[in-house]
file upload.cif (mmCIF, C-alpha atoms)
data_target
#
loop_
_atom_site.label_atom_id
_atom_site.label_comp_id
_atom_site.auth_asym_id
_atom_site.auth_seq_id
_atom_site.Cartn_x
_atom_site.Cartn_y
_atom_site.Cartn_z
CA MET C 1 -59.64 -7.91 18.54
CA ASN C 2 -60.12 -10.38 21.34
CA TYR C 3 -63.85 -10.11 21.95
CA ILE C 4 -63.83 -12.33 25.02
CA ASN C 5 -61.39 -9.92 26.71
CA LEU C 6 -63.55 -7.04 25.57
CA LEU C 7 -66.70 -8.67 26.97
CA ASN C 8 -64.94 -9.25 30.28
CA TYR C 9 -63.77 -5.64 30.38
CA LEU C 10 -67.24 -4.32 29.60
CA MET C 11 -68.85 -6.42 32.33
CA ASN C 12 -66.09 -5.95 34.88
CA LYS C 13 -66.88 -3.65 37.79
CA LYS C 14 -63.50 -1.99 37.38
CA GLY C 15 -64.15 -1.64 33.66
CA GLU C 16 -67.46 -0.38 32.32
CA ASN C 17 -69.65 -2.37 34.73
CA LEU C 18 -72.29 -3.13 32.10
CA SER C 19 -74.92 -5.86 32.12
CA PHE C 20 -74.48 -8.75 29.67
CA VAL C 21 -77.09 -7.28 27.30
CA GLN C 22 -75.50 -3.81 27.40
CA ALA C 23 -72.06 -5.34 26.85
CA VAL C 24 -73.24 -7.35 23.84
CA ARG C 25 -74.89 -4.23 22.37
CA ASN C 26 -71.64 -2.32 22.79
CA ILE C 27 -69.64 -5.09 21.16
CA GLY C 28 -71.98 -4.92 18.17
CA ARG C 29 -71.19 -1.22 17.83
CA ILE C 30 -67.48 -1.67 18.43
CA ARG C 31 -67.31 -4.25 15.64
CA LYS C 32 -68.49 -1.57 13.21
CA MET C 33 -65.90 0.98 14.34
CA ASP C 34 -63.10 2.26 12.16
CA PRO C 35 -60.20 -0.29 12.12
CA GLN C 36 -57.65 2.22 13.47
CA ILE C 37 -59.86 3.17 16.38
CA LYS C 38 -60.54 -0.50 17.08
CA GLN C 39 -56.79 -0.98 17.16
CA SER C 40 -56.43 1.85 19.68
CA LEU C 41 -59.14 0.27 21.82
CA GLU C 42 -57.35 -3.07 21.71
CA LYS C 43 -54.13 -1.37 22.78
CA PHE C 44 -56.00 0.43 25.56
CA LEU C 45 -57.39 -2.87 26.86
CA GLU C 46 -53.84 -4.24 27.02
CA THR C 47 -51.99 -1.23 28.41
CA GLY C 48 -54.61 1.11 29.87
CA ARG C 49 -53.21 3.89 27.68
CA CYS C 50 -54.36 5.61 24.52
CA SER C 51 -53.05 8.62 22.63
CA HIS C 52 -55.58 8.56 19.83
CA THR C 53 -56.86 11.93 18.56
CA GLU C 54 -59.57 12.60 15.97
CA ALA C 55 -60.51 16.03 14.59
CA GLY C 56 -58.36 17.60 17.30
CA VAL C 57 -60.14 15.78 20.11
CA SER C 58 -58.08 13.35 22.15
CA PHE C 59 -59.14 10.23 23.98
CA THR C 60 -57.59 11.68 27.16
CA GLU C 61 -59.72 14.81 26.83
CA LEU C 62 -62.90 12.77 26.35
CA ILE C 63 -62.39 10.69 29.48
CA GLY C 64 -60.87 13.58 31.43
CA SER C 65 -62.63 16.90 31.03
CA GLU C 66 -65.67 15.43 29.25
CA GLY C 67 -66.12 12.66 31.82
CA MET C 68 -66.81 9.86 29.36
CA LYS C 69 -66.15 6.20 30.08
CA PRO C 70 -63.52 4.66 27.76
CA VAL C 71 -65.85 2.79 25.40
CA ARG C 72 -68.09 5.83 25.03
CA ALA C 73 -64.96 7.86 24.26
CA PHE C 74 -63.86 5.38 21.57
CA LEU C 75 -67.33 5.49 19.99
CA MET C 76 -67.12 9.29 20.08
CA LEU C 77 -63.72 9.17 18.35
CA ASP C 78 -65.26 6.93 15.70
CA TRP C 79 -68.03 9.46 15.09
CA LEU C 80 -65.51 12.32 15.06
CA LYS C 81 -63.64 10.48 12.34
CA ARG C 82 -66.72 9.77 10.20
CA GLU C 83 -68.65 13.02 10.64
CA PRO C 84 -66.28 15.58 12.20
CA THR C 85 -68.48 18.64 11.66
CA MET C 86 -71.59 17.17 13.21
CA ALA C 87 -69.68 15.46 16.02
CA LEU C 88 -67.68 18.60 16.90
CA ARG C 89 -70.86 20.67 16.99
CA TYR C 90 -72.35 18.14 19.32
CA MET C 91 -69.28 18.28 21.56
CA ALA C 92 -69.52 22.08 21.72
CA LEU C 93 -73.19 22.05 22.69
CA ARG C 94 -73.23 18.82 24.70
CA GLY C 95 -75.44 18.99 27.76
CA ILE C 96 -77.02 22.32 26.86
CA HIS C 97 -80.32 20.85 25.74
CA ALA C 98 -82.17 18.47 27.99
CA ASP C 99 -81.93 14.75 27.60
CA LEU C 100 -85.55 13.60 27.49
CA SER C 101 -84.80 10.53 29.57
CA GLU C 102 -82.86 12.09 32.37
CA VAL C 103 -83.50 15.70 33.38
CA GLY C 104 -85.53 16.48 36.44
CA SER C 105 -82.92 16.71 39.13
CA ALA C 106 -82.08 20.31 38.31
CA LYS C 107 -82.28 22.71 41.23
CA VAL C 108 -85.02 25.30 40.85
CA ALA C 109 -84.08 28.81 41.89
CA SER C 110 -87.27 29.26 43.91
CA GLN C 111 -86.38 26.11 45.88
CA ILE C 112 -89.42 24.07 44.99
CA ASP C 113 -89.67 20.65 46.56
CA GLU C 114 -87.26 18.58 44.51
CA GLU C 115 -89.13 15.38 45.31
CA ASN C 116 -92.01 16.69 43.27
CA ILE C 117 -89.86 16.95 40.17
CA ASP C 118 -90.45 13.83 38.16
CA LYS C 119 -88.51 12.34 35.31
CA SER C 120 -90.83 13.38 32.56
CA ASP C 121 -88.85 16.38 31.41
CA ILE C 122 -87.87 16.82 27.83
CA MET H 1 -100.45 -33.61 39.35
CA GLU H 2 -102.34 -30.36 39.81
CA ALA H 3 -99.31 -28.85 41.55
CA PHE H 4 -97.08 -29.91 38.67
CA GLU H 5 -99.42 -28.27 36.16
CA ARG H 6 -99.28 -25.07 38.17
CA LEU H 7 -95.50 -25.22 38.02
CA LEU H 8 -95.62 -25.70 34.27
CA LEU H 9 -97.89 -22.69 33.98
CA LYS H 10 -95.47 -20.65 36.09
CA ALA H 11 -92.58 -21.83 33.91
CA GLN H 12 -94.47 -20.72 30.82
CA GLU H 13 -95.09 -17.33 32.41
CA ILE H 14 -91.35 -16.96 33.03
CA ILE H 15 -90.52 -18.01 29.47
CA ASN H 16 -93.03 -15.51 28.07
CA SER H 17 -91.62 -12.71 30.20
CA LEU H 18 -88.04 -13.52 29.17
CA GLU H 19 -89.02 -13.62 25.52
CA GLU H 20 -90.90 -10.34 25.80
CA TRP H 21 -87.92 -8.58 27.35
CA ALA H 22 -85.51 -10.15 24.88
CA GLU H 23 -87.71 -8.95 22.03
CA ARG H 24 -87.86 -5.42 23.47
CA SER H 25 -84.11 -5.39 23.90
CA ARG H 26 -83.57 -6.60 20.30
CA ARG H 27 -86.04 -4.03 19.01
CA HIS H 28 -84.26 -1.22 20.88
CA SER H 29 -80.86 -2.37 19.71
CA ILE H 30 -81.97 -2.51 16.07
CA TYR H 31 -83.51 0.95 16.39
CA VAL H 32 -80.33 2.48 17.86
CA THR H 33 -78.24 0.93 15.07
CA GLU H 34 -80.64 2.26 12.42
CA VAL H 35 -80.55 5.77 13.89
CA VAL H 36 -76.76 5.81 14.29
CA GLN H 37 -76.25 4.63 10.72
CA SER H 38 -78.66 7.20 9.31
CA THR H 39 -77.68 10.55 7.82
CA PRO H 40 -80.67 12.70 8.75
CA THR H 41 -81.48 15.76 6.72
CA TYR H 42 -83.97 18.39 7.81
CA THR H 43 -86.97 18.51 5.51
CA PRO H 44 -89.71 20.15 7.56
CA GLU H 45 -93.34 19.52 6.72
CA ALA H 46 -95.35 22.46 5.35
CA VAL H 47 -96.91 23.16 8.75
CA ASP H 48 -93.46 23.68 10.31
CA VAL H 49 -92.21 25.79 7.41
CA GLU H 50 -95.20 28.05 7.94
CA LEU H 51 -94.80 28.04 11.72
CA ALA H 52 -91.10 28.94 11.47
CA GLU H 53 -91.95 31.87 9.24
CA GLU H 54 -94.73 33.05 11.57
CA LEU H 55 -92.40 32.82 14.55
CA LYS H 56 -89.67 34.78 12.79
CA GLN H 57 -92.14 37.50 11.91
CA ALA H 58 -93.60 37.57 15.43
CA LEU H 59 -90.13 37.89 16.99
CA LYS H 60 -89.28 40.57 14.47
CA GLY H 61 -92.42 42.37 15.64
CA ILE H 62 -90.87 42.69 19.09
CA VAL H 63 -87.44 43.77 17.95
CA ASP H 64 -86.69 44.55 14.36
CA GLY H 65 -83.19 43.18 14.35
CA ASP H 66 -81.09 40.84 16.38
CA LEU H 67 -82.99 39.71 19.47
CA ALA H 68 -79.90 38.55 21.40
CA ALA H 69 -78.14 41.84 20.66
CA HIS H 70 -81.22 43.69 21.93
CA MET H 71 -81.15 41.65 25.15
CA GLN H 72 -77.46 42.43 25.64
CA LYS H 73 -78.40 46.01 26.41
CA MET H 74 -80.77 45.00 29.24
CA THR H 75 -79.96 44.32 32.86
CA ALA H 76 -80.27 40.73 34.09
CA GLU H 77 -83.60 41.57 35.79
CA GLU H 78 -84.92 43.10 32.60
CA ARG H 79 -83.87 40.03 30.66
CA VAL H 80 -85.78 37.77 33.10
CA GLN H 81 -88.88 39.93 32.70
CA PHE H 82 -88.49 40.05 28.95
CA ILE H 83 -88.33 36.24 28.73
CA GLU H 84 -91.21 35.75 31.20
CA GLN H 85 -93.57 38.39 29.89
CA THR H 86 -92.78 38.68 26.22
CA ILE H 87 -90.67 35.98 24.58
CA LEU H 88 -91.99 32.78 26.15
CA PRO H 89 -95.71 33.70 26.01
CA LEU H 90 -95.30 34.68 22.37
CA VAL H 91 -93.38 31.55 21.34
CA ALA H 92 -95.74 29.23 23.27
CA SER H 93 -98.82 30.85 21.83
CA LYS H 94 -97.52 30.76 18.24
CA MET H 95 -96.52 27.12 18.70
CA SER H 96 -99.90 26.33 20.36
CA ILE H 97 -98.37 24.66 23.38
CA ASN H 98 -99.51 24.82 27.00
CA TYR H 99 -97.28 25.63 29.91
CA ASN H 100 -98.30 26.41 33.46
CA LYS H 101 -95.28 28.43 34.39
CA LEU H 102 -91.66 29.20 33.79
CA GLU H 103 -89.18 28.12 36.42
CA TRP H 104 -85.67 29.46 36.71
CA LEU H 105 -83.01 26.91 37.54
CA GLU H 106 -79.86 27.32 39.53
CA GLU H 107 -78.08 24.66 37.59
CA GLU H 108 -74.40 24.00 37.94
CA SER H 109 -74.17 22.04 34.72
CA ARG H 110 -74.31 23.48 31.20
CA LEU H 111 -78.00 22.59 30.91
CA CYS H 112 -79.86 25.57 29.50
CA GLY H 113 -83.44 24.37 29.94
CA TYR H 114 -86.14 21.75 29.58
CA TYR H 115 -89.88 21.21 29.31
CA ASN H 116 -91.61 18.99 31.86
CA ARG H 117 -94.64 17.47 30.20
CA THR H 118 -96.33 16.29 33.42
CA ARG H 119 -96.22 19.60 35.21
CA GLU H 120 -96.25 21.56 31.94
CA VAL H 121 -93.39 23.65 33.16
CA ILE H 122 -90.66 25.27 31.14
CA ALA H 123 -87.42 25.56 33.07
CA LEU H 124 -84.46 27.72 32.13
CA ASN H 125 -81.02 28.11 33.63
CA MET H 126 -80.55 31.46 35.39
CA ALA H 127 -76.87 31.57 34.36
CA TYR H 128 -77.86 32.15 30.74
CA VAL H 129 -79.65 35.42 31.56
CA ALA H 130 -77.22 36.58 34.21
CA SER H 131 -74.58 37.43 31.65
CA ASN H 132 -74.97 39.71 28.64
CA ASP H 133 -72.85 37.39 26.54
CA TYR H 134 -74.24 37.31 23.02
CA LYS H 135 -73.62 33.62 22.48
CA LEU H 136 -75.25 32.58 25.75
CA LEU H 137 -78.30 34.72 25.00
CA THR H 138 -78.57 33.18 21.55
CA ILE H 139 -78.40 29.69 23.05
CA LEU H 140 -81.08 30.68 25.57
CA LEU H 141 -83.47 31.93 22.88
CA ASN H 142 -82.75 28.84 20.79
CA THR H 143 -83.45 26.60 23.80
CA ILE H 144 -86.85 28.20 24.41
CA ILE H 145 -87.86 27.27 20.87
CA HIS H 146 -86.18 23.84 21.09
CA GLU H 147 -88.04 22.94 24.29
CA CYS H 148 -91.34 24.31 23.00
CA LYS H 149 -90.86 22.09 19.94
CA HIS H 150 -90.53 19.07 22.23
CA ALA H 151 -93.77 20.12 23.92
CA ARG H 152 -95.44 20.35 20.52
CA GLN H 153 -94.09 16.95 19.42
CA TRP H 154 -95.46 15.47 22.62
CA ALA H 155 -98.89 17.08 22.12
CA ALA H 156 -98.96 15.87 18.49
CA VAL H 157 -98.21 12.30 19.57
CA GLU H 158 -100.99 12.54 22.14
CA GLY H 159 -103.48 13.58 19.48
CA ALA H 160 -103.31 17.37 19.07
CA ASP H 161 -103.98 18.17 15.44
CA PHE H 162 -101.30 20.55 14.21
CA GLY H 163 -101.41 19.19 10.69
CA TYR H 164 -98.40 16.87 10.84
CA SER H 165 -98.51 13.76 8.66
CA GLN H 166 -99.29 10.45 10.32
CA GLU H 167 -95.92 9.21 9.10
CA LEU H 168 -94.09 11.91 11.07
CA ILE H 169 -96.19 11.34 14.19
CA ASN H 170 -95.46 7.61 13.99
CA LYS H 171 -91.76 8.37 13.72
CA TRP H 172 -91.93 10.46 16.91
CA LYS H 173 -94.04 7.79 18.66
CA ARG H 174 -91.48 5.15 17.75
CA ASN H 175 -88.70 7.38 19.07
CA ILE H 176 -90.53 7.95 22.37
CA GLU H 177 -90.70 4.16 22.81
CA ASP H 178 -86.97 3.82 22.21
CA TYR H 179 -85.50 7.18 23.15
CA ILE H 180 -81.69 7.21 22.91
CA SER H 181 -79.95 8.83 25.82
CA PRO H 182 -76.48 10.31 25.19
CA ARG H 183 -75.15 7.87 27.78
CA GLU H 184 -76.17 5.10 25.42
CA SER H 185 -75.01 6.74 22.20
CA ASP H 186 -73.98 10.34 21.71
CA GLU H 187 -74.41 9.95 17.98
CA GLY H 188 -77.81 8.28 18.32
CA TYR H 189 -78.98 11.02 20.67
CA VAL H 190 -78.25 13.75 18.11
CA LYS H 191 -79.65 11.88 15.12
CA GLN H 192 -82.88 10.54 16.65
CA PRO H 193 -86.05 12.08 15.15
CA LEU H 194 -87.27 13.99 18.24
CA GLU H 195 -83.94 15.68 18.95
CA PHE H 196 -82.98 16.24 15.33
CA ASP H 197 -86.33 17.88 14.59
CA ALA H 198 -86.25 20.10 17.70
CA THR H 199 -82.66 21.15 17.02
CA GLU H 200 -83.15 21.95 13.35
CA PHE H 201 -86.48 23.69 13.86
CA ALA H 202 -85.01 25.94 16.56
CA ASN H 203 -81.94 26.62 14.42
CA SER H 204 -84.15 27.65 11.51
CA ILE H 205 -85.44 30.52 13.68
CA ILE H 206 -82.55 31.43 15.98
CA ASP H 207 -79.40 29.65 14.94
CA GLU H 208 -77.28 28.57 17.89
CA ARG H 209 -74.53 27.60 15.46
CA ILE H 210 -73.40 31.25 15.54
CA ILE H 211 -71.34 30.17 18.52
CA PHE H 212 -68.91 28.65 16.01
CA GLU H 213 -68.35 32.01 14.39
CA LYS H 214 -65.69 34.43 15.59
#

call {"tool": "encode", "arguments": {"input": "upload.cif", "output": "structure tokens"}}
result
Amino acid sequence: MNYINLLNYLMNKKGENLSFVQAVRNIGRIRKMDPQIKQSLEKFLETGRCSHTEAGVSFTELIGSEGMKPVRAFLMLDWLKREPTMALRYMALRGIHADLSEVGSAKVASQIDEENIDKSDI
Amino acid sequence: MEAFERLLLKAQEIINSLEEWAERSRRHSIYVTEVVQSTPTYTPEAVDVELAEELKQALKGIVDGDLAAHMQKMTAEERVQFIEQTILPLVASKMSINYNKLEWLEEESRLCGYYNRTREVIALNMAYVASNDYKLLTILLNTIIHECKHARQWAAVEGADFGYSQELINKWKRNIEDYISPRESDEGYVKQPLEFDATEFANSIIDERIIFEK
């Protein structure tokens, strides 16, 4: 794996558009990935294509219908390979429970002032 | 000379700030790696074992049988009323958590609900009561418990004495400092103590994993 190319891709606006720190963190996680998935990532960086599938879930599906960015999708494939049951359950229920760090922009049926909704939801 | 000393002081301030942020970043990164590499297993403390049992019994007191199946027979309006007037007050009271009100969301995403700790509001997605689909109703009931568990974790961290060990409270505190969003790591999000505990606790009462059954 050419990690300089990977770093460039991660920080590139047309790639993942990450900060240097975020990119370095991701590289640390990518280094620990399954060798076959790392190989698929390397191929993807060269060709922009990937046909990798784990536990019945394809890379194309993860970046298409699931809306993941490529590196997130590769990390997901890695998890699907290591712990398919847990990872598949997560995929099925993804987004159903609130993410403590993010929710708050949901539209309230009674049309309360959205500006009053803060980010402290869990 | 005095001006130069001021500059040196400013430089030191910048160095300190950089080091502080670098340390926080390292600390977060190490935490995420630890969580991702862990294989969490659910071993609830005695207080939660007891609470889960109490909750099961209390819910059984409302309907002796399958709660989601019971709700299937209601109209959407009746389901809203049932959640507002019976289920949520009962769950919140048994779990000793405060909430000011329940808000219904018109949410286009799959989000089923959340608890807002500042406004002490529980919010649920209207779509999950609109249909009489058994699986959606099960997820809704599970979410109410899941979100109430987050409210309880939060109260415990802030000093409410529910009887949790200091070790567990410290674990939650640590997780609040370095919460892992799914955007950062899907795996870390699921395995982190706050989410894992809320998920497993809720599943021990109303198991949302029935959605995987035919």

call {"tool": "resolve_selection", "arguments": {"input": "upload.cif", "expression": "the PyMOL selection byres ((chain H) within 9 of (chain C))", "output": "ChimeraX atom specification"}}
result
/H:25,29,33,103-119,121,123,125-126,139,143,146-147,150-151,179-187,189-190,195,209,211-212

call {"tool": "atom_distance", "arguments": {"input": "upload.cif", "atom1": "CA of Leu102 in chain H", "atom2": "CA of Asn203 in chain H"}}
result
21.8 Å

call {"tool": "atom_distance", "arguments": {"input": "upload.cif", "atom1": "CA of Lys135 in chain H", "atom2": "CA of Met74 in chain H"}}
result
15.0 Å

call {"tool": "atom_distance", "arguments": {"input": "upload.cif", "atom1": "CA of Leu18 in chain H", "atom2": "CA of Ile30 in chain H"}}
result
18.2 Å

call {"tool": "residues_around", "arguments": {"input": "upload.cif", "residues": "Arg31 in chain C", "least_positions_apart": "5", "cutoff": "10 Å", "atoms": "only C-alpha atoms", "output": "PyMOL selection string"}}
result
chain C and resi 1+3+26+38

call {"tool": "residues_around", "arguments": {"input": "upload.cif", "residues": "Leu77 in chain C", "least_positions_apart": "6", "cutoff": "12 Å", "atoms": "all atoms listed in the file", "output": "ChimeraX atom specification"}}
result
/C:30,33-38,40-41,50-63,68,70-71,83-84,87-88,91 /H:186-187

call {"tool": "closest_residue", "arguments": {"input": "upload.cif", "among": "C:Leu7, C:Ser65, C:Lys32, C:Glu46", "to": "Gln37 in chain H", "atoms": "only C-alpha atoms"}}
result
C:Lys32

call {"tool": "residues_around", "arguments": {"input": "upload.cif", "residues": "Glu77 in chain H", "least_positions_apart": "3", "cutoff": "9 Å", "atoms": "all atoms listed in the file", "output": "VMD selection string"}}
result
chain H and resid 74 80 to 82 129 to 130

call {"tool": "resolve_selection", "arguments": {"input": "upload.cif", "expression": "the PyMOL selection byres ((chain C and resi 10) around 9)", "output": "list in words"}}
result
Asn5, Leu6, Leu7, Asn8, Tyr9, Met11, Asn12, Lys13, Lys14, Gly15, Glu16, Asn17, Leu18, Ser19, Phe20, Gln22, Ala23, Val24, Asn26, Ile27 and Val71 of chain C

call {"tool": "decode", "arguments": {"input": "upload.cif", "residues": "range 123-146 of chain H", "atoms": "C-alpha atoms", "output": "compact mmCIF listing (two decimals), in the first residue's frame"}}
result
# COMPACT_ATOMS: atom_id res chain seq x y z
CA ALA H 123 -38.87 12.98 20.58
CA LEU H 124 -40.31 10.16 18.49
CA ASN H 125 -40.84 9.76 14.78
CA MET H 126 -44.52 9.88 13.80
CA ALA H 127 -43.94 7.38 10.98
CA TYR H 128 -43.37 4.60 13.51
CA VAL H 129 -46.89 4.96 14.96
CA ALA H 130 -48.62 5.71 11.69
CA SER H 131 -48.32 2.13 10.53
CA ASN H 132 -49.51 -0.97 12.36
CA ASP H 133 -46.43 -2.87 11.24
CA TYR H 134 -45.32 -5.16 14.05
CA LYS H 135 -41.62 -4.63 13.49
CA LEU H 136 -41.88 -0.84 13.43
CA LEU H 137 -43.93 -0.85 16.62
CA THR H 138 -41.37 -3.08 18.30
CA ILE H 139 -38.57 -0.73 17.24
CA LEU H 140 -40.59 2.21 18.59
CA LEU H 141 -41.10 0.60 22.00
CA ASN H 142 -37.44 -0.41 22.09
CA THR H 143 -36.40 3.16 21.22
CA ILE H 144 -38.42 4.62 24.09
CA ILE H 145 -36.48 2.43 26.51
CA HIS H 146 -33.17 3.04 24.68
